[in-house]
Number of protein chains: 2
Amino acid sequence: MEKFEVNILGCGSALPTIQHLGSMQVVNVRDKLYMIDCAEGAQLQLRKSRLSFSKINNIFISHIHGDHCFGLIGLISTFSLLGRTATLNVYGPSELRTILLSQLHWFCPRMDYRVEIHTIDTKQHAMIFEDKSVEVYTIPQKHRVDCCGFLFKEKQGLPHIKRDVIDAFGIPVCYINNIKLGMDYEMPDGEIIPNHLMTIPPEPARSYAYCTDTLFRPQNAELLQGVDLLYHESTFCNKDAAFAKKTFHSTAGQAGEMAALCNVKKLVIGHFSARYKSENILLEEAKQKFENTILAKENLCITI
Amino acid sequence: MEKFEVNILGCGSALPTIQHLGSMQVVNVRDKLYMIDCAEGAQLQLRKSRLSFSKINNIFISHIHGDHCFGLIGLISTFSLLGRTATLNVYGPSELRTILLSQLHWFCPRMDYRVEIHTIDTKQHAMIFEDKSVEVYTIPQKHRVDCCGFLFKEKQGLPHIKRDVIDAFGIPVCYINNIKLGMDYEMPDGEIIPNHLMTIPPEPARSYAYCTDTLFRPQNAELLQGVDLLYHESTFCNKDAAFAKKTFHSTAGQAGEMAALCNVKKLVIGHFSARYKSENILLEEAKQKFENTILAKENLCITI
């Protein structure tokens, strides 16, 4: 199966600690890297992860709070020092353009690559990115500032070739691509070999949803039905629900409830408040609503 | 002797690596903390150092390059989250005001403490700060952008009291402060006890100079005569002298030469280029000019 991984580089909340850095992840789809959020220390976490800097061409910023974007200018600056020439695309709410242009002006006046800033409407569910491997959609969230999550939908792969059938019929290699694309094969004697005899259907396309920072948003359940992996913020434990509401965050129980409503395959919770010495209470509370839950942690790589 | 320490939080150059973060230090004079430069990751390095966040009231920024100030907004934001109320003073070149005001606008719109930004003229040697314990002076540097170092001069402490003499003459405790301030004591019978009999002179006042980023600047030698500890950038080794010159940096040999010219007591070299796997070559080259040299490293605390 082709690679589809989520690398957690940071999963703390506003106050970075020795245990948890701010929010940042790298999604690896077929060896292309897509970064989500970019907290302080991003470039160092990337180095530690041994993910290739040069494979990152797209960075998605959920909202303009420091614990989600303070690392962006350092990363952009380091890309430049490392001799990058490929355009870097950064997606985020409209304020990001103003902030980033100002930082680039002061700190990166001469670069050999372009930073293209794409403004996204965090209030709409829409496809904001597409390439050969993946489509990326916004997921509207409800936070103190404009904020959205991101839904990564893998594109369906091509079917696999039944090598033994190809060999048995003596089908030349140059036809393989067309067969993968769905064509039948006509033998020299005119006999038609139907496509389904020569192929095995591809694996089902996979999906990953990143939801932070947000109040409990059951209205997103339809968008997220059946995703393979849901990362959901779980800043507070259930007893701090009132504070979660006041600060527009979710509790562990709500994260679990969201996973259940969305019928996801697996839930990973993160964006932990620094107030908890251990996140086991959060894990337990999420599991009460959705059993297949794990805790995010720095340098965790989750295969989808 | 009262505390006078330099805590190295980061001593790399433009490209942060696993080995070295950007430039940042905390000078501890009599348990007051003065921060010099503030690279990405400053708040985390501070946490690791166990230096008290609340004892930092003054931050001095040498110049507006990311590896010297990317951590400032994160630190300011975290101070706010931790409930700080005391004014924070930040000193730096004029551009710092524009940059920081913009960042504060976006990321810290509501804070319970003030950030006061003091513009310094990096081209002049002048006293820019003074309190009971220390005076801080700018040291003009020659870099690609306006840049200055900082000279910390401890204020002379008070003399020590000769407890045995005080007891022998039966001098009441309430006179001790005046005696420390230099007064003689008049006995009830009119006899005068001269001050020098009751006191031991205080230790000589100490000094620390921070010089980065800069070309070799022998014209600063007069300002820095006899400082106890000199931190001097040593970005490159001697064979890369041409590149050092081109990028307005110093070599290890030049750092050593500067220490010798200034007759400092000790030299610590830092701001290492990421190109060297080991800094031993830099240490050796500096030592050829000035024997009492050490390498900076993260989390090193040097007592002056």
# chains A, B, ... in the order shown; residues from 1 in each chain; ligands from 1
$ residues_around --residues "region 276-279 of chain A" --least-positions-apart "4" --cutoff "10 Å" --atoms "only C-alpha atoms" --output "number ranges by chain"
A: 19, 234-237, 252, 269-270, 272, 283-284, 295-296
$ write_last_selection --atoms "C-alpha atoms" --output "mmCIF file, in the first residue's frame"
data_model
loop_
_atom_site.group_PDB
_atom_site.id
_atom_site.type_symbol
_atom_site.label_atom_id
_atom_site.label_comp_id
_atom_site.auth_asym_id
_atom_site.auth_seq_id
_atom_site.Cartn_x
_atom_site.Cartn_y
_atom_site.Cartn_z
ATOM 1 C CA GLN A 19 6.462 17.910 27.161
ATOM 2 C CA SER A 234 -8.909 17.722 23.272
ATOM 3 C CA THR A 235 -7.573 20.685 25.157
ATOM 4 C CA PHE A 236 -9.462 20.022 28.380
ATOM 5 C CA CYS A 237 -10.857 17.148 30.374
ATOM 6 C CA ALA A 252 -11.755 14.885 25.571
ATOM 7 C CA ILE A 269 -6.404 13.455 20.426
ATOM 8 C CA GLY A 270 -4.054 16.401 20.915
ATOM 9 C CA PHE A 272 -3.354 19.324 25.293
ATOM 10 C CA LEU A 283 -7.462 9.442 26.914
ATOM 11 C CA GLU A 284 -9.830 7.670 29.283
ATOM 12 C CA LEU A 295 -2.868 10.147 22.450
ATOM 13 C CA ALA A 296 -0.849 12.334 20.143
#
$ interface_residues --of "chain B" --to "chain A" --cutoff "7 Å" --atoms "only C-alpha atoms" --output "list in words"
Leu15, Thr17, Ile18, Glu40, Gly41, Leu44, His65, Gly66, Phe70, Gly74, Thr78 and Phe107 of chain B
$ residues_around --residues "region 118-122 of chain A" --least-positions-apart "3" --cutoff "6 Å" --atoms "only C-alpha atoms" --output "count of residues only"
8
$ residues_around --residues "Met24 (chain B)" --least-positions-apart "2" --cutoff "8 Å" --atoms "only C-alpha atoms" --output "list in words"
Ile8, Leu9, Gly10, Cys11, Gly22, Val26, Met35, Ile36, Asp37, Cys38, Ala39, Ala42 and His68 of chain B
$ write_last_selection --atoms "N, CA and C atoms" --output "PDB file, in the first residue's frame"
ATOM      1  N   ILE B   8      24.262  30.450  28.492  1.00  0.00           N
ATOM      2  CA  ILE B   8      24.147  30.357  27.034  1.00  0.00           C
ATOM      3  C   ILE B   8      22.918  29.499  26.711  1.00  0.00           C
ATOM      4  N   LEU B   9      21.918  30.079  26.065  1.00  0.00           N
ATOM      5  CA  LEU B   9      20.743  29.296  25.665  1.00  0.00           C
ATOM      6  C   LEU B   9      20.855  28.822  24.221  1.00  0.00           C
ATOM      7  N   GLY B  10      21.618  29.544  23.425  1.00  0.00           N
ATOM      8  CA  GLY B  10      21.823  29.152  22.030  1.00  0.00           C
ATOM      9  C   GLY B  10      23.054  29.848  21.491  1.00  0.00           C
ATOM     10  N   CYS B  11      23.845  29.136  20.687  1.00  0.00           N
ATOM     11  CA  CYS B  11      25.093  29.733  20.185  1.00  0.00           C
ATOM     12  C   CYS B  11      25.389  29.311  18.755  1.00  0.00           C
ATOM     13  N   GLY B  22      19.751  29.256  17.597  1.00  0.00           N
ATOM     14  CA  GLY B  22      20.207  30.619  17.306  1.00  0.00           C
ATOM     15  C   GLY B  22      20.728  31.298  18.568  1.00  0.00           C
ATOM     16  N   VAL B  26      21.217  34.524  28.779  1.00  0.00           N
ATOM     17  CA  VAL B  26      20.676  35.256  29.917  1.00  0.00           C
ATOM     18  C   VAL B  26      21.822  35.592  30.860  1.00  0.00           C
ATOM     19  N   MET B  35      18.206  39.425  29.389  1.00  0.00           N
ATOM     20  CA  MET B  35      18.323  38.535  28.231  1.00  0.00           C
ATOM     21  C   MET B  35      19.018  39.265  27.092  1.00  0.00           C
ATOM     22  N   ILE B  36      19.897  38.545  26.401  1.00  0.00           N
ATOM     23  CA  ILE B  36      20.542  39.101  25.203  1.00  0.00           C
ATOM     24  C   ILE B  36      20.157  38.231  24.016  1.00  0.00           C
ATOM     25  N   ASP B  37      19.546  38.831  23.027  1.00  0.00           N
ATOM     26  CA  ASP B  37      19.055  38.143  21.838  1.00  0.00           C
ATOM     27  C   ASP B  37      18.064  37.035  22.219  1.00  0.00           C
ATOM     28  N   CYS B  38      17.265  36.653  21.247  1.00  0.00           N
ATOM     29  CA  CYS B  38      16.117  35.818  21.597  1.00  0.00           C
ATOM     30  C   CYS B  38      15.692  35.008  20.364  1.00  0.00           C
ATOM     31  N   ALA B  39      16.474  33.976  20.075  1.00  0.00           N
ATOM     32  CA  ALA B  39      16.235  33.162  18.875  1.00  0.00           C
ATOM     33  C   ALA B  39      15.019  32.246  19.042  1.00  0.00           C
ATOM     34  N   ALA B  42      13.472  30.226  22.304  1.00  0.00           N
ATOM     35  CA  ALA B  42      13.953  30.871  23.531  1.00  0.00           C
ATOM     36  C   ALA B  42      13.143  30.433  24.747  1.00  0.00           C
ATOM     37  N   HIS B  68      18.481  35.905  15.770  1.00  0.00           N
ATOM     38  CA  HIS B  68      18.694  36.671  17.001  1.00  0.00           C
ATOM     39  C   HIS B  68      17.386  37.176  17.613  1.00  0.00           C
TER      40      HIS B  68
END
$ atom_distance --atom1 "CA of Glu5 (chain A)" --atom2 "CA of Val264 (chain A)"
16.1 Å
$ select_by_dssp --residues "region 73-175 of chain B" --states "strand (DSSP E or B)" --output "MDAnalysis selection string"
chainID B and resid 88:92 115:119 127:130 134:140 148:154 160:161
$ write_last_selection --atoms "C-alpha atoms" --output "PDB file, in the first residue's frame"
ATOM      1  CA  LEU B  88       8.938  44.203  29.853  1.00  0.00           C
ATOM      2  CA  ASN B  89      11.598  46.445  28.324  1.00  0.00           C
ATOM      3  CA  VAL B  90      12.988  45.478  24.953  1.00  0.00           C
ATOM      4  CA  TYR B  91      16.017  47.283  23.529  1.00  0.00           C
ATOM      5  CA  GLY B  92      16.990  47.075  19.880  1.00  0.00           C
ATOM      6  CA  VAL B 115       6.018  45.886  26.381  1.00  0.00           C
ATOM      7  CA  GLU B 116       8.134  49.007  26.207  1.00  0.00           C
ATOM      8  CA  ILE B 117      10.338  49.153  23.153  1.00  0.00           C
ATOM      9  CA  HIS B 118      13.517  51.222  23.460  1.00  0.00           C
ATOM     10  CA  THR B 119      15.259  52.151  20.256  1.00  0.00           C
ATOM     11  CA  MET B 127      24.906  53.557  28.235  1.00  0.00           C
ATOM     12  CA  ILE B 128      21.403  52.334  27.429  1.00  0.00           C
ATOM     13  CA  PHE B 129      20.388  50.837  30.748  1.00  0.00           C
ATOM     14  CA  GLU B 130      21.195  51.202  34.404  1.00  0.00           C
ATOM     15  CA  VAL B 134      24.538  46.951  36.456  1.00  0.00           C
ATOM     16  CA  GLU B 135      25.127  49.363  33.611  1.00  0.00           C
ATOM     17  CA  VAL B 136      24.617  48.199  30.036  1.00  0.00           C
ATOM     18  CA  TYR B 137      26.428  49.855  27.134  1.00  0.00           C
ATOM     19  CA  THR B 138      26.168  49.355  23.400  1.00  0.00           C
ATOM     20  CA  ILE B 139      29.246  48.175  21.498  1.00  0.00           C
ATOM     21  CA  PRO B 140      29.087  49.236  17.837  1.00  0.00           C
ATOM     22  CA  CYS B 148      25.660  46.259  18.278  1.00  0.00           C
ATOM     23  CA  GLY B 149      27.041  44.190  21.087  1.00  0.00           C
ATOM     24  CA  PHE B 150      26.386  44.805  24.768  1.00  0.00           C
ATOM     25  CA  LEU B 151      28.780  45.521  27.607  1.00  0.00           C
ATOM     26  CA  PHE B 152      27.535  44.675  31.090  1.00  0.00           C
ATOM     27  CA  LYS B 153      29.405  46.517  33.855  1.00  0.00           C
ATOM     28  CA  GLU B 154      28.594  45.415  37.356  1.00  0.00           C
ATOM     29  CA  HIS B 160      32.276  44.197  53.766  1.00  0.00           C
ATOM     30  CA  ILE B 161      32.021  44.810  57.485  1.00  0.00           C
TER      31      ILE B 161
END
$ atom_distance --atom1 "CA of Ile294 (chain A)" --atom2 "CA of Leu223 (chain A)"
22.0 Å
$ atom_distance --atom1 "CA of Val6 (chain A)" --atom2 "CA of Ala260 (chain A)"
20.6 Å
$ closest_residue --among "B:Gln156, B:Val27, B:Gly83, B:Cys69" --to "Ser54 (chain B)" --atoms "only C-alpha atoms"
B:Gly83
$ residues_around --residues "Glu186 (chain A)" --least-positions-apart "5" --cutoff "12 Å" --atoms "only C-alpha atoms" --output "list in words"
Phe169, Gly170, Ile171, Pro172, Tyr175, Asn178, Ile179, Glu191, Ile192, Ile193, Pro194 and Asn195 of chain A
$ write_last_selection --atoms "C-alpha atoms" --output "mmCIF file, in the first residue's frame"
data_model
loop_
_atom_site.group_PDB
_atom_site.id
_atom_site.type_symbol
_atom_site.label_atom_id
_atom_site.label_comp_id
_atom_site.auth_asym_id
_atom_site.auth_seq_id
_atom_site.Cartn_x
_atom_site.Cartn_y
_atom_site.Cartn_z
ATOM 1 C CA PHE A 169 -1.861 -14.209 -22.519
ATOM 2 C CA GLY A 170 1.577 -12.916 -23.532
ATOM 3 C CA ILE A 171 0.453 -9.290 -23.308
ATOM 4 C CA PRO A 172 3.333 -6.905 -24.124
ATOM 5 C CA TYR A 175 -0.019 -2.165 -22.822
ATOM 6 C CA ASN A 178 -3.603 1.353 -20.579
ATOM 7 C CA ILE A 179 -4.844 -1.740 -18.761
ATOM 8 C CA GLU A 191 -10.139 -12.062 -28.933
ATOM 9 C CA ILE A 192 -10.952 -9.408 -26.279
ATOM 10 C CA ILE A 193 -9.563 -9.909 -22.767
ATOM 11 C CA PRO A 194 -11.839 -7.877 -20.471
ATOM 12 C CA ASN A 195 -10.109 -5.531 -18.053
#
$ select_by_dssp --residues "region 50-234 of chain B" --states "alpha helix (DSSP H)" --output "NGL selection string"
:B and (66-69 or 72-81 or 95-107 or 163-169 or 176-180 or 195-198)
